file data.txt (compact mmCIF, N, CA and C atoms)
# COMPACT_ATOMS: atom_id res chain seq x y z
N MET A 1 67.82 68.62 112.01
CA MET A 1 68.17 68.01 113.27
C MET A 1 67.91 66.51 113.17
N SER A 2 68.88 65.72 113.60
CA SER A 2 68.68 64.28 113.58
C SER A 2 68.39 63.79 114.99
N ILE A 3 67.61 62.76 115.06
CA ILE A 3 67.26 62.15 116.34
C ILE A 3 68.03 60.84 116.46
N ARG A 4 68.79 60.71 117.54
CA ARG A 4 69.54 59.47 117.76
C ARG A 4 68.60 58.41 118.30
N ARG A 5 68.69 57.27 117.72
CA ARG A 5 67.84 56.15 118.13
C ARG A 5 68.68 55.16 118.94
N PRO A 6 68.08 54.52 119.94
CA PRO A 6 68.81 53.53 120.73
C PRO A 6 69.43 52.43 119.87
N ALA A 7 68.74 52.02 118.82
CA ALA A 7 69.29 50.97 117.95
C ALA A 7 70.55 51.45 117.25
N ASP A 8 70.58 52.75 116.88
CA ASP A 8 71.77 53.31 116.26
C ASP A 8 72.94 53.31 117.23
N ASP A 9 72.67 53.69 118.48
CA ASP A 9 73.70 53.68 119.51
C ASP A 9 74.21 52.27 119.75
N ARG A 10 73.29 51.32 119.80
CA ARG A 10 73.70 49.93 120.02
C ARG A 10 74.57 49.43 118.87
N ALA A 11 74.21 49.76 117.65
CA ALA A 11 75.00 49.34 116.49
C ALA A 11 76.39 49.95 116.54
N LYS A 12 76.47 51.21 116.94
CA LYS A 12 77.76 51.88 117.06
C LYS A 12 78.62 51.21 118.13
N ARG A 13 78.02 50.89 119.27
CA ARG A 13 78.76 50.22 120.34
C ARG A 13 79.20 48.83 119.90
N ALA A 14 78.34 48.11 119.20
CA ALA A 14 78.68 46.76 118.73
C ALA A 14 79.85 46.81 117.76
N ARG A 15 79.85 47.79 116.86
CA ARG A 15 80.98 47.93 115.92
C ARG A 15 82.28 48.20 116.66
N ALA A 16 82.23 49.04 117.68
CA ALA A 16 83.44 49.35 118.45
C ALA A 16 83.97 48.12 119.17
N ILE A 17 83.09 47.36 119.78
CA ILE A 17 83.52 46.15 120.50
C ILE A 17 84.03 45.10 119.52
N ASN A 18 83.36 44.92 118.41
CA ASN A 18 83.83 43.97 117.40
C ASN A 18 85.21 44.36 116.89
N ALA A 19 85.44 45.65 116.69
CA ALA A 19 86.75 46.12 116.23
C ALA A 19 87.82 45.81 117.28
N ALA A 20 87.51 46.06 118.54
CA ALA A 20 88.47 45.78 119.61
C ALA A 20 88.78 44.29 119.69
N ARG A 21 87.75 43.47 119.60
CA ARG A 21 87.97 42.02 119.66
C ARG A 21 88.77 41.53 118.45
N THR A 22 88.48 42.06 117.28
CA THR A 22 89.22 41.67 116.08
C THR A 22 90.68 42.05 116.20
N THR A 23 90.94 43.25 116.69
CA THR A 23 92.33 43.70 116.88
C THR A 23 93.06 42.77 117.83
N SER A 24 92.41 42.41 118.93
CA SER A 24 93.02 41.48 119.89
C SER A 24 93.33 40.14 119.23
N GLN A 25 92.39 39.64 118.45
CA GLN A 25 92.61 38.36 117.78
C GLN A 25 93.75 38.43 116.77
N LEU A 26 93.84 39.53 116.04
CA LEU A 26 94.92 39.68 115.07
C LEU A 26 96.29 39.75 115.76
N GLU A 27 96.29 40.20 117.02
CA GLU A 27 97.52 40.26 117.79
C GLU A 27 97.77 38.97 118.57
N GLY A 28 96.89 37.98 118.38
CA GLY A 28 97.07 36.69 119.02
C GLY A 28 96.45 36.56 120.39
N GLY A 29 95.60 37.50 120.76
CA GLY A 29 94.98 37.46 122.08
C GLY A 29 93.48 37.27 122.00
N ARG A 30 92.88 37.23 123.17
CA ARG A 30 91.42 37.15 123.29
C ARG A 30 91.06 37.63 124.68
N SER A 31 90.06 38.46 124.76
CA SER A 31 89.63 38.94 126.08
C SER A 31 89.02 37.79 126.86
N THR A 32 89.08 37.93 128.19
CA THR A 32 88.53 36.88 129.06
C THR A 32 87.00 36.88 128.95
N GLU A 33 86.41 35.80 129.41
CA GLU A 33 84.94 35.70 129.38
C GLU A 33 84.29 36.80 130.22
N VAL A 34 84.91 37.15 131.34
CA VAL A 34 84.36 38.20 132.20
C VAL A 34 84.42 39.54 131.47
N THR A 35 85.53 39.82 130.83
CA THR A 35 85.64 41.07 130.06
C THR A 35 84.67 41.07 128.90
N ARG A 36 84.52 39.94 128.23
CA ARG A 36 83.57 39.86 127.13
C ARG A 36 82.14 40.10 127.63
N ALA A 37 81.83 39.61 128.82
CA ALA A 37 80.50 39.85 129.39
C ALA A 37 80.31 41.34 129.65
N ASP A 38 81.35 42.01 130.15
CA ASP A 38 81.26 43.46 130.34
C ASP A 38 81.10 44.17 129.00
N GLN A 39 81.82 43.73 128.00
CA GLN A 39 81.70 44.33 126.67
C GLN A 39 80.27 44.15 126.14
N ASP A 40 79.72 42.98 126.35
CA ASP A 40 78.34 42.74 125.91
C ASP A 40 77.35 43.63 126.66
N ALA A 41 77.59 43.86 127.95
CA ALA A 41 76.73 44.77 128.73
C ALA A 41 76.83 46.18 128.17
N TYR A 42 78.01 46.58 127.73
CA TYR A 42 78.19 47.89 127.10
C TYR A 42 77.39 47.97 125.80
N VAL A 43 77.48 46.93 124.99
CA VAL A 43 76.74 46.92 123.72
C VAL A 43 75.24 47.03 123.98
N ARG A 44 74.75 46.35 125.00
CA ARG A 44 73.32 46.41 125.33
C ARG A 44 72.91 47.74 125.95
N GLY A 45 73.87 48.57 126.32
CA GLY A 45 73.57 49.86 126.92
C GLY A 45 73.37 49.80 128.43
N GLU A 46 73.74 48.69 129.04
CA GLU A 46 73.57 48.54 130.48
C GLU A 46 74.62 49.32 131.27
N ILE A 47 75.80 49.51 130.67
CA ILE A 47 76.86 50.32 131.24
C ILE A 47 77.40 51.23 130.15
N ASP A 48 78.04 52.32 130.55
CA ASP A 48 78.62 53.21 129.54
C ASP A 48 80.10 52.89 129.36
N ILE A 49 80.74 53.60 128.44
CA ILE A 49 82.15 53.30 128.12
C ILE A 49 83.05 53.55 129.32
N ASP A 50 82.75 54.56 130.12
CA ASP A 50 83.56 54.83 131.31
C ASP A 50 83.46 53.68 132.30
N GLN A 51 82.26 53.15 132.49
CA GLN A 51 82.09 52.02 133.40
C GLN A 51 82.81 50.78 132.88
N LEU A 52 82.76 50.56 131.57
CA LEU A 52 83.48 49.43 130.98
C LEU A 52 84.97 49.57 131.27
N GLY A 53 85.51 50.75 131.02
CA GLY A 53 86.93 50.98 131.30
C GLY A 53 87.27 50.80 132.76
N ASP A 54 86.42 51.32 133.63
CA ASP A 54 86.64 51.18 135.08
C ASP A 54 86.67 49.71 135.49
N ARG A 55 85.76 48.93 134.97
CA ARG A 55 85.70 47.50 135.32
C ARG A 55 86.95 46.78 134.87
N VAL A 56 87.39 47.05 133.65
CA VAL A 56 88.59 46.37 133.12
C VAL A 56 89.83 46.79 133.92
N ARG A 57 89.96 48.09 134.17
CA ARG A 57 91.12 48.56 134.93
C ARG A 57 91.12 47.97 136.34
N ALA A 58 89.98 47.92 136.99
CA ALA A 58 89.90 47.35 138.34
C ALA A 58 90.24 45.86 138.32
N ARG A 59 89.74 45.16 137.33
CA ARG A 59 89.97 43.71 137.25
C ARG A 59 91.45 43.38 137.13
N TYR A 60 92.18 44.20 136.37
CA TYR A 60 93.59 43.91 136.11
C TYR A 60 94.53 44.85 136.87
N ASN A 61 93.97 45.57 137.87
CA ASN A 61 94.77 46.47 138.71
C ASN A 61 95.60 47.47 137.88
N ILE A 62 94.94 48.07 136.93
CA ILE A 62 95.58 49.09 136.09
C ILE A 62 95.11 50.46 136.59
N ALA A 63 96.05 51.31 136.87
CA ALA A 63 95.70 52.64 137.42
C ALA A 63 95.11 53.55 136.39

call {"tool": "encode", "arguments": {"input": "data.txt", "output": "structure tokens"}}
result
Amino acid sequence: MSIRRPADDRAKRARAINAARTTSQLEGGRSTEVTRADQDAYVRGEIDIDQLGDRVRARYNIA
């Protein structure tokens, strides 16, 4: 049985956000500062992935 450590979760979240940001940059875009702040809050574990998605969808009026 393995025990998940908060640092492991944070590293996993950071990799996911870095991948998303890199993909955006390769496509010629960049997330807004507000979205990046939400992404950083996700990496720190202050919000979960569902909350991150909810915030982004609400900000851009995406159903």

call {"tool": "atom_distance", "arguments": {"input": "data.txt", "atom1": "CA of Arg30 (chain A)", "atom2": "CA of Asp9 (chain A)"}}
result
24.5 Å

call {"tool": "select_by_dssp", "arguments": {"input": "data.txt", "residues": "region 23-63 of chain A", "states": "helix (DSSP H, G or I)", "output": "JSON, numbers by chain"}}
result
{"A": [23, 24, 25, 26, 33, 34, 35, 36, 37, 38, 39, 40, 41, 42, 43, 44, 49, 50, 51, 52, 53, 54, 55, 56, 57, 58, 59]}

call {"tool": "closest_residue", "arguments": {"input": "data.txt", "among": "A:Asp54, A:Gly45, A:Ile62, A:Thr35", "to": "Arg13 (chain A)", "atoms": "only C-alpha atoms"}}
result
A:Gly45

call {"tool": "residues_around", "arguments": {"input": "data.txt", "residues": "region 39-44 of chain A", "least_positions_apart": "2", "cutoff": "6 Å", "atoms": "all atoms listed in the file", "output": "list in words"}}
result
Arg10, Arg13, Ala14, Thr35, Arg36, Ala37, Glu46, Ile47 and Asp48 of chain A

call {"tool": "axis_aligned_box", "arguments": {"input": "data.txt", "around": "region 21-26 of chain A", "padding_each_side": "8 Å", "output": "lines of an AutoDock Vina configuration file"}}
result
center_x = 92.0
center_y = 41.0
center_z = 117.5
size_x = 24.5
size_y = 21.3
size_z = 20.8

call {"tool": "atom_distance", "arguments": {"input": "data.txt", "atom1": "atom N of Glu27 (chain A)", "atom2": "atom N of Ala11 (chain A)"}}
result
24.1 Å

call {"tool": "atom_distance", "arguments": {"input": "data.txt", "atom1": "CA of Gly28 (chain A)", "atom2": "CA of Asp50 (chain A)"}}
result
25.7 Å
